[in-house]
Number of protein chains: 4
Amino acid sequence: MEFTLPPDIDDMRRRIRRFVDEKLIPLEADRANFDEHENIAPHVLAEMRKAAKAEGLWALQMPKRLGGQELPRIGMAACYEEMNRSIFGPVVFNSAAPDDGNMMILDRVLPEAMKPRWLQPIVNGDVQSAFAMTEPDGCGSDPNLTYTKAERVGNDRWRITGRKWFITGAVGAAFGIVMARTGNQATMFLLPLPAPGLTIERVMGSVDHTMPGGHSVVRLDRVRVPRSMVLGELHEGFRYAQVRLAPARLTHCMRWWGAAQRAHHIAARYAQGRTAFGKPLLEHEGVGFALARNEIDLKQTELMIDWAAWTLDQGQRGSSESSMTKYACAETLFQVVDRCVQVLGGSGIVDETPVSKIWREIRGFRVYDGPSEVHLYSLARKLGRNLPSN
Amino acid sequence: MEFTLPPDIDDMRRRIRRFVDEKLIPLEADRANFDEHENIAPHVLAEMRKAAKAEGLWALQMPKRLGGQELPRIGMAACYEEMNRSIFGPVVFNSAAPDDGNMMILDRVLPEAMKPRWLQPIVNGDVQSAFAMTEPDGCGSDPNLTYTKAERVGNDRWRITGRKWFITGAVGAAFGIVMARTGNQATMFLLPLPAPGLTIERVMGSVDHTMPGGHSVVRLDRVRVPRSMVLGELHEGFRYAQVRLAPARLTHCMRWWGAAQRAHHIAARYAQGRTAFGKPLLEHEGVGFALARNEIDLKQTELMIDWAAWTLDQGQRGSSESSMTKYACAETLFQVVDRCVQVLGGSGIVDETPVSKIWREIRGFRVYDGPSEVHLYSLARKLGRNLPSN
Amino acid sequence: MEFTLPPDIDDMRRRIRRFVDEKLIPLEADRANFDEHENIAPHVLAEMRKAAKAEGLWALQMPKRLGGQELPRIGMAACYEEMNRSIFGPVVFNSAAPDDGNMMILDRVLPEAMKPRWLQPIVNGDVQSAFAMTEPDGCGSDPNLTYTKAERVGNDRWRITGRKWFITGAVGAAFGIVMARTGNQATMFLLPLPAPGLTIERVMGSVDHTMPGGHSVVRLDRVRVPRSMVLGELHEGFRYAQVRLAPARLTHCMRWWGAAQRAHHIAARYAQGRTAFGKPLLEHEGVGFALARNEIDLKQTELMIDWAAWTLDQGQRGSSESSMTKYACAETLFQVVDRCVQVLGGSGIVDETPVSKIWREIRGFRVYDGPSEVHLYSLARKLGRNLPSN
Amino acid sequence: MEFTLPPDIDDMRRRIRRFVDEKLIPLEADRANFDEHENIAPHVLAEMRKAAKAEGLWALQMPKRLGGQELPRIGMAACYEEMNRSIFGPVVFNSAAPDDGNMMILDRVLPEAMKPRWLQPIVNGDVQSAFAMTEPDGCGSDPNLTYTKAERVGNDRWRITGRKWFITGAVGAAFGIVMARTGNQATMFLLPLPAPGLTIERVMGSVDHTMPGGHSVVRLDRVRVPRSMVLGELHEGFRYAQVRLAPARLTHCMRWWGAAQRAHHIAARYAQGRTAFGKPLLEHEGVGFALARNEIDLKQTELMIDWAAWTLDQGQRGSSESSMTKYACAETLFQVVDRCVQVLGGSGIVDETPVSKIWREIRGFRVYDGPSEVHLYSLARKLGRNLPSN
């Protein structure tokens, strides 16, 4: 048992913290630094990315040979948590979803020869990618309800028809990974964008705003894909989705943990400085207890993330571990941020602090990458298998 | 004991329900019917108000001599709940905050001679009003922290200086009711808008959107008010605020109850129609139980509203009753709507249904008109007074 | 709408309150007034029952022709709530389970000619009865899992074999109502006790203690019952169980409401009188808020009980209403009492006040007469039937 | 970061698990193995202790020179969790409260010369000890409310007068550690029992039963203590109480974690084997989700315990860490066990399984060693000190 980080990782964590404190958080005070999606404006982003690269804080999760820092997941946890104290963090350090998970699966599955063309540009931050799996007529949580079909056309072509939604970043992406049914199986395809036959029907209005490119509804009408653009093996789509899933959902946990901690500190400082009914808010138990519970909840979820990340670092698939952690983080961190809103009172529901934004953004976390109920469902199914006899 | 409505009120309730079902809800399907605040567009509003007036469904809460329907609070409860099934309801029937509460206090406090000029136009729906009490440097929940000052200038003038925020509807209002400190007391003033010296600094970005005119920050710099515009008696500001408070917070309960019920029905129909893991969502206990709890919670809060409304109808101040009801409704109805989001899954966090909007809008309800903690605080203080000896 | 009691019922409520305050609660201070089950000792019970009869407070729920007070359910609610402020209340006023529910079903189903022999003695308080439905090898919540069988022997006899448990009051009962499968249906039988072939295997140790006679495990080995002792109609057992259920579960709600209110008042008085960290406990928000939430919860559940009782008084079956109320009361009142324990701190977990006992006793309420989950299950099934189209 | 146990500790953990599985749990099936407090009967205890000693599993938390196993706290965590799967575990391995905490403080504070007489016999399991700090007229959570006084009598004697309660194990203890006010400070005294002037007024009835000797109310009337029996330094009583507190409350967490896990496994096996409404209970989401949440909660609290134990092993006082962990374990593990009761339904509230007992026993954990609210209170006070500026 050991609850400290190796010194080199801890050093990187501190450097990211300093970067966020000194460079990113000050940007939030000026509306001019935001784009219309309430994320960071392009010219500021470019500058910040340059700085992050210069300081060796770029693409922490990617192998060194590709230009990353090759952190184990335990290190990613510590660093992602730090960087997400600013809502600008993930894009600045190139650790935002869905690029983050896409890089991971591409590095695992793509032949080396294809990486310079399809992986390296995302690692470099030159392009963005999308991940097209969820469907409006299906059910995001049940992969069997994939209705988008890929049909073989001749020997070396596929033709994809269907409809996807919740396609984060479809607007602006250089290519997408598209899941389609191939017979009774499913296959992932690489699809350069824009593509003839593919239409972005609309970007959906949404509770959350900051996802780069928003959530799109995409229609594919006999979109042609050459055989060479099958991602990895044919019919392995569902398995790859699983491979992508455990680490991807863990990175969401790390990100939201950082955002929740930021909200907590804002609320705690507010409670310290504000007075009501004759004493600082923090000295009202109704407020102080809420913040104390936040501290406990943040510690519990931090430990869960570290434990699941460590499990993956041991080479295990960590499906249950990441599922338990995702459930705990989504449900608990939402409560943490919700308490922050309440502590802030009126200030919590207006955009005078980042808390109102974090509150809206984190709601989706209880739904995407498996709603909380689906994690309980799958955990319950496994439960009966290894019960001790006593 | 009797849990049914008198026939005439029940008839009005049904007519409002039909109006909402047939006229308002269909409007929601077309973006063209919305204004930029996600509320109803002006030309549609005008048409709908005309229809509401024609059907005798206008200004239910106002006396007949002023053109209203003079419903008792028990009737307001039933009708407000119905009309809020559409987010357009309150403005269409002229029952939206803050006009609603302002009409109530003006009718109580204003001399008859002033009503044609200051009250009748709001009742008619010709103008909007604002209510300026909360302050950024104070604490909305603690009225003693009113820093805005009114100073006497000569014999027949006051000069108001200070800063207010969360001034719903300040943009577009024909006048405002402004609370200001007068010595050790506080006084309410009627202030026609725009007024020299009064600046709307900005409209705050906010978790909720549909409040007409948004939440403004307003600066008053030696704004002059003639003595005749003192609202009611001098130094009675805090007492009037209390008079306004109990019924005003009850109407919020009624409104959000209606919105929560709408969300619940949308979620329930979705759960009935969608399939996952081989059966309708509704047949999954994880979903069905959430919806069953919603039904129970909706019934409990409906009973609380009816009970508090009835108490006010008996001529009591109902301060504890409305406080208990406001706490229960705010905390419980938020949970109801939050469960609806979760049942809808991805569809719950995008604006494909009104649920995502209701979810964002209802969050503020736990904060305004006294955050939940402040209600517990004041209930706890009263608790010790009348304990039975056994 | 009307939230007051008719004057005659309110008068009875007050008289019961006074009886409880003046006669029953003082008894609790002396261990000599308890029997070994922590209920009231027989000789004290006899005296108190005599007093209750003398004051016309006997068997409130029974028709006047049988010696009761013929209260409608709305009146039972008010009076049961009062009487259960003392844990001795229900037996003293002859309103304890299972006699209470048994009297109700016997009055509904038994031919008039049989009532003097089988119903009147319970109404008089001369004998106790038991209700034998739940089975150890089945599942209390699923009536289809009734394994106890009644086989016809000749023309005018039945022979019952099986095993029942949770048979409250089996020890000491003069007769029992026994549910047994008759072919594909089920039938209720009246069975005088003791009966040849019927063995009380043991009284189970239990979280709760005060149920008269405890919870027994009973074995029936070819117990003979004459045809005349079929209760009501053959094969109508499940239907009668339903008839008994809605009102019976409502009376549990009333009883536990009264007990929870008592616990709340004890905790509130304690919080008022105790000092910690420099001020009375009640002035600590951590304590005061818990008690304020209790007040709100008690009001909500009281309204639910009144509403469901009123529904039954209108002649409706009230199956959903009583189910919703039972769920709300069981879950909420447990929390109320649990908060009382916590407010009392160490004193809450020792038997220095009745709170520790109420806490243990009320736990079973979330399980019996349908566990909370079974109520959600059945409410969810009904949910889809009457959804409005908007 | 590292989430595995060192091999030697893991080996001890496994051996304890086997001992519990093979020797202790089978004992629970026979009432003859219980004493009247529902703990292990003396003759069985003697035999089991002999076996534990023989297998080198005795007094894990004590130094080897005294006959213990000298486990670090991280090892205690793993082993205490295992041993508490049986309610007999702690007394069998000599790790039960209050002896456990008393041994710890005596080893820290007592001069070596006094250890053979006052410490060794407890380590050997030859005698039991008591810890007398809490007072009925004070408030267990506020040490300033110590009213018991020690007055100096001549040069080498003290005379203690006052009243203590919740004195676990006072009946049968060979000596007690008594906290008494000495001027404005407090001092701990060693007091051989029985002692002239000390009366055990009564053993309080209680929600929990298995604490050896129950919870007593003790009166001290001018009890004489020689100067040599001051424990450690004069006036250091409060500091020693703090020294004892952090590790003692952590061992409670470990113990209750083990008990909760046992309850969870019993409930899960039950849910696997029982059928209702056509399928195993476990396949009902209402049941399966509850058990899945248990698994998540058990993992979270296990990580908290490990983290706090590790912090103490690093030589830190761990006051916040143990406080956070105690809060989380008390509140969460109670919910875990409460869900087990609910899953078991009727079987959960009767003593057919150990779950009903664990449920009653664990309630006190939310109160003793600081009620949950007191932990929040002290965490909130520390919260403001180290807030980051961003």
# chains A, B, ... in the order shown; residues from 1 in each chain; ligands from 1
$ select_by_dssp --residues "region 127-351 of chain C" --states "strand (DSSP E or B)" --output "PyMOL selection string"
chain C and resi 129-132+149-153+157-168+175-182+185-192+198-204+206+215-226+230+275-276+279-280+350
$ interface_residues --of "chain C" --to "chain B" --cutoff "6 Å" --atoms "only C-alpha atoms" --output "MDAnalysis selection string"
chainID C and resid 1:5 288:289 292 296 324 376 379:380
$ write_last_selection --atoms "C-alpha atoms" --output "mmCIF file, in the first residue's frame"
data_model
loop_
_atom_site.group_PDB
_atom_site.id
_atom_site.type_symbol
_atom_site.label_atom_id
_atom_site.label_comp_id
_atom_site.auth_asym_id
_atom_site.auth_seq_id
_atom_site.Cartn_x
_atom_site.Cartn_y
_atom_site.Cartn_z
ATOM 1 C CA MET C 1 -60.885 21.557 -0.230
ATOM 2 C CA GLU C 2 -60.973 21.535 3.514
ATOM 3 C CA PHE C 3 -58.217 20.572 5.912
ATOM 4 C CA THR C 4 -60.039 20.476 9.228
ATOM 5 C CA LEU C 5 -61.751 17.610 11.008
ATOM 6 C CA GLY C 288 -32.055 22.357 14.048
ATOM 7 C CA PHE C 289 -32.185 21.585 10.322
ATOM 8 C CA ALA C 292 -37.053 21.227 10.781
ATOM 9 C CA ILE C 296 -41.867 19.018 7.044
ATOM 10 C CA MET C 324 -48.266 5.523 -2.378
ATOM 11 C CA LEU C 376 -42.821 0.918 -6.417
ATOM 12 C CA LEU C 379 -47.085 1.605 -9.003
ATOM 13 C CA ALA C 380 -44.706 1.437 -11.967
#
$ residues_around --residues "region 118-130 of chain C" --least-positions-apart "3" --cutoff "7 Å" --atoms "only C-alpha atoms" --output "list of chain:residue names"
C:Ala59, C:Leu66, C:Asn94, C:Pro98, C:Asp99, C:Met103, C:Leu106, C:Met114, C:Lys115, C:Ile167, C:Thr168, C:Gly169, C:Ala170, C:Gly172, C:Ala173, C:Ala174, C:Phe175, C:Gly176, C:Ile177
$ residues_around --residues "Leu71 (chain A)" --least-positions-apart "6" --cutoff "8 Å" --atoms "only C-alpha atoms" --output "list of chain:residue names"
A:Ile9, A:Leu60, A:Gln61, A:Met62, A:Pro63
$ write_last_selection --atoms "all heavy atoms" --output "PDB file, in the first residue's frame"
ATOM      1  N   ILE A   9       6.179  12.042 -11.560  1.00  0.00           N
ATOM      2  CA  ILE A   9       4.775  12.337 -11.880  1.00  0.00           C
ATOM      3  C   ILE A   9       4.263  13.477 -11.023  1.00  0.00           C
ATOM      4  O   ILE A   9       3.553  14.364 -11.490  1.00  0.00           O
ATOM      5  CB  ILE A   9       3.911  11.072 -11.696  1.00  0.00           C
ATOM      6  CG1 ILE A   9       4.296  10.036 -12.759  1.00  0.00           C
ATOM      7  CG2 ILE A   9       2.427  11.408 -11.786  1.00  0.00           C
ATOM      8  CD1 ILE A   9       3.504   8.750 -12.690  1.00  0.00           C
ATOM      9  N   LEU A  60      -0.190  14.227 -22.459  1.00  0.00           N
ATOM     10  CA  LEU A  60       0.384  13.421 -21.374  1.00  0.00           C
ATOM     11  C   LEU A  60       0.152  11.937 -21.556  1.00  0.00           C
ATOM     12  O   LEU A  60       0.961  11.105 -21.158  1.00  0.00           O
ATOM     13  CB  LEU A  60      -0.265  13.821 -20.048  1.00  0.00           C
ATOM     14  CG  LEU A  60      -0.316  15.312 -19.743  1.00  0.00           C
ATOM     15  CD1 LEU A  60      -1.159  15.548 -18.501  1.00  0.00           C
ATOM     16  CD2 LEU A  60       1.084  15.847 -19.559  1.00  0.00           C
ATOM     17  N   GLN A  61      -0.962  11.612 -22.157  1.00  0.00           N
ATOM     18  CA  GLN A  61      -1.412  10.235 -22.205  1.00  0.00           C
ATOM     19  C   GLN A  61      -0.830   9.461 -23.387  1.00  0.00           C
ATOM     20  O   GLN A  61      -1.041   8.260 -23.506  1.00  0.00           O
ATOM     21  CB  GLN A  61      -2.950  10.204 -22.245  1.00  0.00           C
ATOM     22  CG  GLN A  61      -3.592  10.640 -23.551  1.00  0.00           C
ATOM     23  CD  GLN A  61      -3.667  12.149 -23.746  1.00  0.00           C
ATOM     24  OE1 GLN A  61      -2.902  12.909 -23.167  1.00  0.00           O
ATOM     25  NE2 GLN A  61      -4.559  12.578 -24.611  1.00  0.00           N
ATOM     26  N   MET A  62      -0.117  10.158 -24.285  1.00  0.00           N
ATOM     27  CA  MET A  62       0.382   9.526 -25.508  1.00  0.00           C
ATOM     28  C   MET A  62       1.847   9.088 -25.351  1.00  0.00           C
ATOM     29  O   MET A  62       2.586   9.650 -24.550  1.00  0.00           O
ATOM     30  CB  MET A  62       0.249  10.514 -26.681  1.00  0.00           C
ATOM     31  CG  MET A  62      -1.165  10.621 -27.217  1.00  0.00           C
ATOM     32  SD  MET A  62      -1.676   9.089 -28.111  1.00  0.00           S
ATOM     33  CE  MET A  62      -2.734   8.301 -26.881  1.00  0.00           C
ATOM     34  N   PRO A  63       2.253   8.083 -26.135  1.00  0.00           N
ATOM     35  CA  PRO A  63       3.646   7.612 -26.049  1.00  0.00           C
ATOM     36  C   PRO A  63       4.641   8.720 -26.429  1.00  0.00           C
ATOM     37  O   PRO A  63       4.317   9.598 -27.222  1.00  0.00           O
ATOM     38  CB  PRO A  63       3.710   6.488 -27.084  1.00  0.00           C
ATOM     39  CG  PRO A  63       2.307   6.130 -27.392  1.00  0.00           C
ATOM     40  CD  PRO A  63       1.459   7.324 -27.104  1.00  0.00           C
TER      41      PRO A  63
END
$ atom_distance --atom1 "CA of Gly346 (chain D)" --atom2 "CA of Trp359 (chain D)"
13.8 Å
$ atom_distance --atom1 "CA of Pro111 (chain C)" --atom2 "CA of Pro226 (chain C)"
16.0 Å
$ select_by_dssp --residues "region 137-264 of chain D" --states "helix (DSSP H, G or I)" --output "VMD selection string"
chain D and resid 143 to 145 227 to 229 237 to 264
$ atom_distance --atom1 "CA of Asn39 (chain B)" --atom2 "CA of Lys357 (chain B)"
10.7 Å
$ residues_around --residues "Ile358 (chain D)" --least-positions-apart "5" --cutoff "10 Å" --atoms "only C-alpha atoms" --output "list in words"
Ser86, Ile87, Asp208, His209, Thr210, Trp256, Ala259, Ala260, Arg262, Ala263, Phe334, Val337, Asp338, Val341, Thr353 and Arg363 of chain D
$ write_last_selection --atoms "C-alpha atoms" --output "compact mmCIF listing (two decimals), in the first residue's frame"
# COMPACT_ATOMS: atom_id res chain seq x y z
CA SER D 86 -18.10 -12.87 12.50
CA ILE D 87 -19.56 -10.88 15.36
CA ASP D 208 -26.91 -2.80 20.34
CA HIS D 209 -26.29 -5.83 22.48
CA THR D 210 -22.97 -7.49 21.82
CA TRP D 256 -17.84 -2.35 10.91
CA ALA D 259 -19.52 -6.78 9.49
CA ALA D 260 -21.10 -4.86 6.63
CA ARG D 262 -20.69 -10.14 5.80
CA ALA D 263 -24.20 -8.71 5.72
CA PHE D 334 -25.11 1.89 7.87
CA VAL D 337 -26.44 -2.89 6.06
CA ASP D 338 -29.83 -1.19 5.86
CA VAL D 341 -32.11 -5.79 5.63
CA THR D 353 -29.39 -14.41 9.86
CA ARG D 363 -26.46 2.18 14.43
$ closest_residue --among "A:Leu110, A:Val178, A:Tyr80, A:Pro136" --to "Leu344 (chain B)" --atoms "only C-alpha atoms"
A:Pro136
$ residues_around --residues "Val230 (chain B)" --least-positions-apart "2" --cutoff "6 Å" --atoms "only C-alpha atoms" --output "ChimeraX atom specification"
/B:189,227-228
$ write_last_selection --atoms "C-alpha atoms" --output "compact mmCIF listing (two decimals), in the first residue's frame"
# COMPACT_ATOMS: atom_id res chain seq x y z
CA PHE B 189 -40.58 52.98 -3.66
CA ARG B 227 -42.50 61.54 -1.92
CA SER B 228 -45.76 60.48 -3.52
